[in-house]
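Shown next: work06.pdb, given as PDB, C-alpha atoms.
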ATOM      1  CA  THR A  86     -93.022  21.439  34.868
ATOM      2  CA  GLY A  87     -90.365  22.852  32.629
ATOM      3  CA  ASN A  88     -89.634  25.070  29.661
ATOM      4  CA  TRP A  89     -89.777  24.414  25.917
ATOM      5  CA  TYR A  90     -87.349  25.695  23.265
ATOM      6  CA  THR A  91     -87.029  25.014  19.527
ATOM      7  CA  PHE A  92     -84.201  25.066  17.000
ATOM      8  CA  ILE A  93     -83.653  23.942  13.397
ATOM      9  CA  GLY A  94     -80.993  21.273  12.759
ATOM     10  CA  SER A  95     -78.110  22.005  10.381
ATOM     11  CA  GLY A  96     -77.371  18.382   9.406
ATOM     12  CA  SER A  97     -73.602  18.751   9.335
ATOM     13  CA  ASP A  98     -72.803  19.448  12.972
ATOM     14  CA  MET A  99     -72.976  17.772  16.356
ATOM     15  CA  SER A 100     -75.534  19.646  18.442
ATOM     16  CA  ILE A 101     -74.625  20.035  22.105
ATOM     17  CA  LEU A 102     -77.364  21.158  24.485
ATOM     18  CA  SER A 103     -76.053  21.902  27.950
ATOM     19  CA  THR A 104     -76.897  23.206  31.400
ATOM     20  CA  CYS A 105     -73.454  21.976  32.477
ATOM     21  CA  ASP A 106     -72.291  24.035  35.484
ATOM     22  CA  MET A 107     -75.040  26.586  34.709
ATOM     23  CA  THR A 108     -77.812  25.326  37.006
ATOM     24  CA  ASN A 109     -78.505  25.209  40.737
ATOM     25  CA  TYR A 110     -80.733  22.111  40.611
ATOM     26  CA  ASP A 111     -80.861  18.585  39.158
ATOM     27  CA  SER A 112     -81.746  19.367  35.507
ATOM     28  CA  ARG A 113     -82.838  17.094  32.690
ATOM     29  CA  ILE A 114     -82.793  17.783  28.901
ATOM     30  CA  VAL A 115     -85.227  15.962  26.593
ATOM     31  CA  VAL A 116     -85.363  16.456  22.787
ATOM     32  CA  PHE A 117     -88.325  15.708  20.517
ATOM     33  CA  THR A 118     -89.441  16.280  16.916
ATOM     34  CA  ASP A 119     -92.914  16.384  15.358
ATOM     35  CA  SER A 120     -94.196  18.997  17.847
ATOM     36  CA  GLY A 121     -93.142  16.834  20.784
ATOM     37  CA  ALA A 122     -94.595  13.587  19.434
ATOM     38  CA  THR A 123     -91.338  11.799  18.580
ATOM     39  CA  PHE A 124     -88.640  11.268  21.229
ATOM     40  CA  VAL A 125     -85.049  11.868  19.994
ATOM     41  CA  ALA A 126     -82.702  11.849  23.005
ATOM     42  CA  GLN A 127     -82.352  12.818  26.654
ATOM     43  CA  ASN A 128     -79.754  13.361  29.359
ATOM     44  CA  ASP A 129     -79.816  13.669  33.128
ATOM     45  CA  ASP A 130     -76.461  14.298  34.839
ATOM     46  CA  GLY A 131     -73.917  14.958  32.048
ATOM     47  CA  THR A 132     -70.633  13.071  32.487
ATOM     48  CA  GLY A 133     -68.418  16.162  32.133
ATOM     49  CA  CYS A 134     -70.552  18.320  34.424
ATOM     50  CA  SER A 135     -70.204  18.963  38.116
ATOM     51  CA  GLY A 136     -73.246  18.329  40.260
ATOM     52  CA  PHE A 137     -76.443  17.232  38.571
ATOM     53  CA  SER A 138     -76.496  19.467  35.484
ATOM     54  CA  SER A 139     -77.071  17.960  32.034
ATOM     55  CA  GLU A 140     -75.378  17.786  28.651
ATOM     56  CA  LEU A 141     -76.742  16.100  25.524
ATOM     57  CA  ASN A 142     -74.887  15.503  22.226
ATOM     58  CA  PHE A 143     -76.728  14.395  19.086
ATOM     59  CA  TYR A 144     -76.819  14.940  15.320
ATOM     60  CA  ALA A 145     -79.563  17.332  14.298
ATOM     61  CA  GLU A 146     -80.852  16.506  10.806
ATOM     62  CA  SER A 147     -80.831  19.383   8.315
ATOM     63  CA  GLY A 148     -84.063  21.390   8.265
ATOM     64  CA  VAL A 149     -85.715  19.413  11.079
ATOM     65  CA  GLU A 150     -87.297  21.430  13.886
ATOM     66  CA  TYR A 151     -86.333  20.095  17.323
ATOM     67  CA  GLN A 152     -88.262  20.756  20.518
ATOM     68  CA  VAL A 153     -86.113  20.899  23.652
ATOM     69  CA  PHE A 154     -87.732  20.416  27.069
ATOM     70  CA  ILE A 155     -85.766  21.519  30.139
ATOM     71  CA  THR A 156     -87.139  20.088  33.347
ATOM     72  CA  GLY A 157     -85.951  18.759  36.687
ATOM     73  CA  PHE A 158     -85.077  15.193  37.532
ATOM     74  CA  SER A 159     -88.171  15.096  39.739
ATOM     75  CA  GLU A 160     -91.113  17.413  40.425
ATOM     76  CA  ILE A 161     -89.295  18.997  43.343
ATOM     77  CA  SER A 162     -86.178  19.686  41.228
ATOM     78  CA  VAL A 163     -86.631  23.319  40.199
ATOM     79  CA  GLY A 164     -84.376  26.355  40.067
ATOM     80  CA  ALA A 165     -82.415  28.721  37.888
ATOM     81  CA  TYR A 166     -80.478  27.557  34.820
ATOM     82  CA  GLU A 167     -78.877  28.659  31.598
ATOM     83  CA  LEU A 168     -79.189  26.524  28.466
ATOM     84  CA  SER A 169     -76.518  26.619  25.774
ATOM     85  CA  LEU A 170     -76.701  25.204  22.265
ATOM     86  CA  ASN A 171     -73.430  24.686  20.415
ATOM     87  CA  CYS A 172     -72.899  23.151  17.014
ATOM     88  CA  VAL A 173     -69.543  21.470  16.556
ATOM     89  CA  SER A 174     -68.392  20.344  13.103
ATOM     90  CA  SER A 175     -68.017  16.608  13.132
ATOM     91  CA  PHE A 176     -68.501  13.612  10.853
ATOM     92  CA  ARG A 177     -71.223  11.127  11.465
ATOM     93  CA  GLU A 178     -69.803   7.630  11.626
ATOM     94  CA  SER A 179     -71.405   6.806   8.276
ATOM     95  CA  GLU A 180     -69.844   9.927   6.719
ATOM     96  CA  VAL A 181     -66.296   9.186   7.839
ATOM     97  CA  PRO A 182     -64.317   8.614   4.671
ATOM     98  CA  ILE A 183     -63.344   4.982   4.398
ATOM     99  CA  GLU A 184     -59.735   4.508   3.454
ATOM    100  CA  ASP A 185     -59.341   2.956   0.040
ATOM    101  CA  VAL A 186     -58.308  -0.669   0.471
ATOM    102  CA  LYS A 187     -56.016  -2.096  -2.189
ATOM    103  CA  ILE A 188     -56.876  -5.663  -3.124
ATOM    104  CA  ASP A 189     -54.072  -7.270  -5.097
ATOM    105  CA  PHE A 190     -52.138 -10.499  -5.529
ATOM    106  CA  THR A 191     -49.036 -11.721  -7.315
ATOM    107  CA  ALA A 192     -48.942 -14.728  -9.650
ATOM    108  CA  TYR A 193     -45.590 -16.422 -10.279
ATOM    109  CA  PRO A 194     -43.707 -17.702 -12.142
ATOM    110  CA  VAL A 195     -44.887 -15.800 -15.216
ATOM    111  CA  PRO A 196     -45.284 -17.436 -17.578
ATOM    112  CA  PHE A 197     -45.794 -20.636 -15.588
ATOM    113  CA  ASP A 198     -45.096 -24.194 -16.749
ATOM    114  CA  ASN A 199     -47.329 -26.596 -14.797
ATOM    115  CA  GLU A 200     -47.893 -24.871 -11.469
ATOM    116  CA  VAL A 201     -48.744 -21.286 -10.633
ATOM    117  CA  ASN A 202     -48.453 -19.638  -7.201
ATOM    118  CA  ILE A 203     -50.878 -16.942  -6.043
ATOM    119  CA  ALA A 204     -49.381 -14.815  -3.233
ATOM    120  CA  TYR A 205     -51.305 -12.202  -1.234
ATOM    121  CA  SER A 206     -51.109 -10.055   1.884
ATOM    122  CA  PHE A 207     -53.770  -7.741   3.351
ATOM    123  CA  GLU A 208     -54.019  -5.400   6.343
ATOM    124  CA  PHE A 209     -57.318  -6.879   7.535
ATOM    125  CA  ASP A 210     -58.665 -10.255   8.682
ATOM    126  CA  THR A 211     -60.761 -11.892   5.974
ATOM    127  CA  ASP A 212     -61.728 -15.074   4.192
ATOM    128  CA  VAL A 213     -59.787 -15.233   0.911
ATOM    129  CA  THR A 214     -61.322 -17.079  -2.043
ATOM    130  CA  ILE A 215     -59.260 -17.772  -5.175
ATOM    131  CA  GLU A 216     -61.001 -18.958  -8.339
ATOM    132  CA  LEU A 217     -59.338 -19.914 -11.631
ATOM    133  CA  TYR A 218     -61.288 -19.870 -14.901
ATOM    134  CA  ASP A 219     -60.314 -21.012 -18.384
ATOM    135  CA  THR A 220     -60.844 -18.813 -21.461
ATOM    136  CA  LYS A 221     -64.358 -20.235 -21.918
ATOM    137  CA  GLY A 222     -65.308 -18.978 -18.444
ATOM    138  CA  LEU A 223     -65.432 -22.448 -16.902
ATOM    139  CA  GLN A 224     -64.151 -22.639 -13.332
ATOM    140  CA  VAL A 225     -61.204 -25.038 -13.082
ATOM    141  CA  PHE A 226     -60.198 -24.413  -9.428
ATOM    142  CA  SER A 227     -61.618 -22.767  -6.341
ATOM    143  CA  THR A 228     -60.179 -22.588  -2.845
ATOM    144  CA  THR A 229     -61.002 -20.551   0.261
ATOM    145  CA  ASN A 230     -58.654 -19.650   3.096
ATOM    146  CA  LYS A 231     -60.870 -19.128   6.152
ATOM    147  CA  ASN A 232     -57.912 -18.553   8.483
ATOM    148  CA  TYR A 233     -56.232 -15.499   6.944
ATOM    149  CA  VAL A 234     -54.852 -13.102   9.588
ATOM    150  CA  ALA A 235     -54.110  -9.429   8.856
ATOM    151  CA  GLY A 236     -50.501  -8.680   7.907
ATOM    152  CA  SER A 237     -49.512 -12.264   7.113
ATOM    153  CA  LYS A 238     -48.306 -13.443   3.706
ATOM    154  CA  ASP A 239     -49.998 -16.453   2.158
ATOM    155  CA  VAL A 240     -49.457 -18.470  -1.033
ATOM    156  CA  SER A 241     -51.766 -20.916  -2.804
ATOM    157  CA  THR A 242     -50.335 -23.238  -5.467
ATOM    158  CA  PHE A 243     -52.380 -24.623  -8.367
ATOM    159  CA  ASP A 244     -51.380 -27.493 -10.683
ATOM    160  CA  LEU A 245     -52.628 -26.580 -14.155
ATOM    161  CA  SER A 246     -50.699 -29.308 -16.039
ATOM    162  CA  ARG A 247     -53.932 -31.163 -16.936
ATOM    163  CA  TYR A 248     -55.419 -28.194 -18.792
ATOM    164  CA  SER A 249     -54.750 -27.449 -22.452
ATOM    165  CA  SER A 250     -55.644 -23.788 -22.127
ATOM    166  CA  GLN A 251     -52.636 -21.474 -22.077
ATOM    167  CA  MET A 252     -54.460 -18.555 -20.480
ATOM    168  CA  PHE A 253     -56.493 -18.405 -17.256
ATOM    169  CA  TYR A 254     -58.317 -15.761 -15.277
ATOM    170  CA  VAL A 255     -57.686 -15.595 -11.534
ATOM    171  CA  THR A 256     -60.247 -13.924  -9.261
ATOM    172  CA  LEU A 257     -59.283 -13.251  -5.647
ATOM    173  CA  THR A 258     -62.153 -12.220  -3.348
ATOM    174  CA  THR A 259     -61.906 -10.741   0.185
ATOM    175  CA  SER A 260     -64.370  -9.072   2.555
ATOM    176  CA  GLN A 261     -63.167  -5.698   1.216
ATOM    177  CA  GLY A 262     -63.493  -6.418  -2.505
ATOM    178  CA  LYS A 263     -62.090  -8.532  -5.316
ATOM    179  CA  VAL A 264     -59.655  -8.384  -8.207
ATOM    180  CA  THR A 265     -59.293 -10.414 -11.414
ATOM    181  CA  LYS A 266     -56.083 -10.884 -13.403
ATOM    182  CA  LYS A 267     -55.065 -12.852 -16.480
ATOM    183  CA  ILE A 268     -52.201 -15.386 -16.220
ATOM    184  CA  VAL A 269     -50.466 -17.152 -19.105
ATOM    185  CA  SER A 270     -48.662 -20.511 -19.297
ATOM    186  CA  SER A 271     -45.388 -20.993 -21.141
ATOM    187  CA  GLY A 272     -47.110 -23.536 -23.419
ATOM    188  CA  LYS A 273     -44.655 -26.325 -22.608
TER     189      LYS A 273
END
Would you encode the structure as structure tokens?
Amino acid sequence: TGNWYTFIGSGSDMSILSTCDMTNYDSRIVVFTDSGATFVAQNDDGTGCSGFSSELNFYAESGVEYQVFITGFSEISVGAYELSLNCVSSFRESEVPIEDVKIDFTAYPVPFDNEVNIAYSFEFDTDVTIELYDTKGLQVFSTTNKNYVAGSKDVSTFDLSRYSSQMFYVTLTTSQGKVTKKIVSSGK
């Protein structure tokens, strides 16, 4: 036994259904959609409530009709209650803006003679792959650092003395993105 209620989700707020401290019995809240055919969420004994009242937090999709069933924990759990519905503005985890991550490296010396150093530092753990290409797009070097730790500074050195090309493209790839830069030799 129990009572049914309905409401329409707003899509941008956290919906909080609660009998918290407003019941004299062991209540249970169950939420469905599709006229009660699809289970969404439930709660028995909310963590911030005294006694055995219930509180349920979930994101209600915009325009979706939700059916709320208020019942007791067992068949003998019956009594008086008040049900509140509050909508609290909040971001879903997937909607939380992700901070822009800057992927960059420094090549030195510029211009280089025979060897070029690629230095990088990031604020996240990642594998770092560095690839060097000649002007024809042929890969001349590739190396991967699988042990990069956030906040550390690392340098990879490449000997380009065997190559006649005076310009190369360097691509550095991390788990957060990649960047490509052009480097030039002194021609010596």
>> When you count all atoms listed in the file, which of these residues is closest to Val195 of chain A: A:Met252, A:Ser169, A:Leu141, A:Val269?
In response: A:Val269
> Got a sec: who's within 12 Å of Tyr218 of chain A, counting all atoms listed in the file, leaving out chain neighbours fewer than 2 positions off, as a list in words?
Replying inline: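 Residues meeting the cut-off are Ile215, Glu216, Thr220, Lys221, Gly222, Leu223, Gln224, Val225, Phe226, Ser227, Leu245, Tyr248, Ser250, Gln251, Met252, Phe253, Tyr254, Val255, Thr256, Leu257, Thr265, Lys266, Lys267, Ile268 and Val269 of chain A.
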> Got a sec: who's within 8 Å of segment 93-96 of chain A, counting only C-alpha atoms, leaving out chain neighbours fewer than 3 positions off, as a list of chain:residue names?
Replying inline: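 Returned residues: A:Tyr144, A:Ala145, A:Glu146, A:Ser147, A:Gly148, A:Val149, A:Glu150, A:Tyr151.
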>> Once the PyMOL selection byres ((chain A and resi 212) around 7) is applied to the coordinates I shared, what remains selected? I want it as a PyMOL selection string.
In response: chain A and resi 211+213-214+229-233+259-260
> Given the file above and the PyMOL selection byres ((chain A and resi 154-156) around 6), which residues are selected, and can you give them as a VMD selection string?
Replying inline: chain A and resid 87 to 89 112 to 115 153 157
> Looking at A:Gly236, A:Ser139, A:Tyr205, A:Thr123, which one is nearest to Glu167 of chain A, with distances taken over all atoms listed in the file?
Replying inline: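 Between A:Gly236, A:Ser139, A:Tyr205, A:Thr123, the residue approaching Glu167 of chain A most closely is A:Ser139.
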> Of the candidates A:Ile161, A:Val186, A:Val240, A:Leu168, which one gets nearest to Asn202 of chain A if we count only C-alpha atoms?
Replying inline: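 When distances to Asn202 of chain A are compared using only C-alpha atoms, the smallest one comes from A:Val240.
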> How would you write, as a VMD selection string, the residues chosen by the PyMOL selection byres ((chain A and resi 200) around 7) on this structure?
Replying inline: chain A and resid 197 to 199 201 to 202 242 to 246
Take the residues just selected and output them with C-alpha atoms as a compact mmCIF listing (two decimals), in the coordinates of the input.
# COMPACT_ATOMS: atom_id res chain seq x y z
CA PHE A 197 -45.79 -20.64 -15.59
CA ASP A 198 -45.10 -24.19 -16.75
CA ASN A 199 -47.33 -26.60 -14.80
CA VAL A 201 -48.74 -21.29 -10.63
CA ASN A 202 -48.45 -19.64 -7.20
CA THR A 242 -50.34 -23.24 -5.47
CA PHE A 243 -52.38 -24.62 -8.37
CA ASP A 244 -51.38 -27.49 -10.68
CA LEU A 245 -52.63 -26.58 -14.16
CA SER A 246 -50.70 -29.31 -16.04
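For the pair atom CA of Ala126 of chain A and atom CA of Asn142 of chain A, the interatomic distance is 8.7 Å.
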>> My list of candidates is A:Val234, A:Arg247, A:Gly262, A:Phe190. Which is closest to Asp210 of chain A when distances are computed with only C-alpha atoms?
In response: A:Val234
> Which is closer to Met99 of chain A than all the others in A:Ser135, A:Asn171, A:Gln127, A:Ser120, using all atoms listed in the file?
Replying inline: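 Answer, going by the shortest atom-to-atom distance: A:Asn171.
Counting from atom CA of Phe143 of chain A, the distance to atom CA of Glu160 of chain A is 25.9 Å.
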> Could you state the separation of atom CA of Val116 of chain A and atom CA of Gly136 of chain A in Å, given to one decimal place?
Replying inline: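 Between atom CA of Val116 of chain A and atom CA of Gly136 of chain A the gap is 21.3 Å.
Ranking A:Gln261, A:Thr191, A:Cys105, A:Ser270 by their shortest atom-to-atom distance to Asp219 of chain A, with all atoms listed in the file included, puts A:Ser270 first.
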> Do you know which residues are at most 9 Å from Tyr166 of chain A counting only C-alpha atoms, after dropping those on the same chain fewer than 2 positions away, and could you put them as a ChimeraX atom specification?
Replying inline: /A:104,106-110,112,164,168
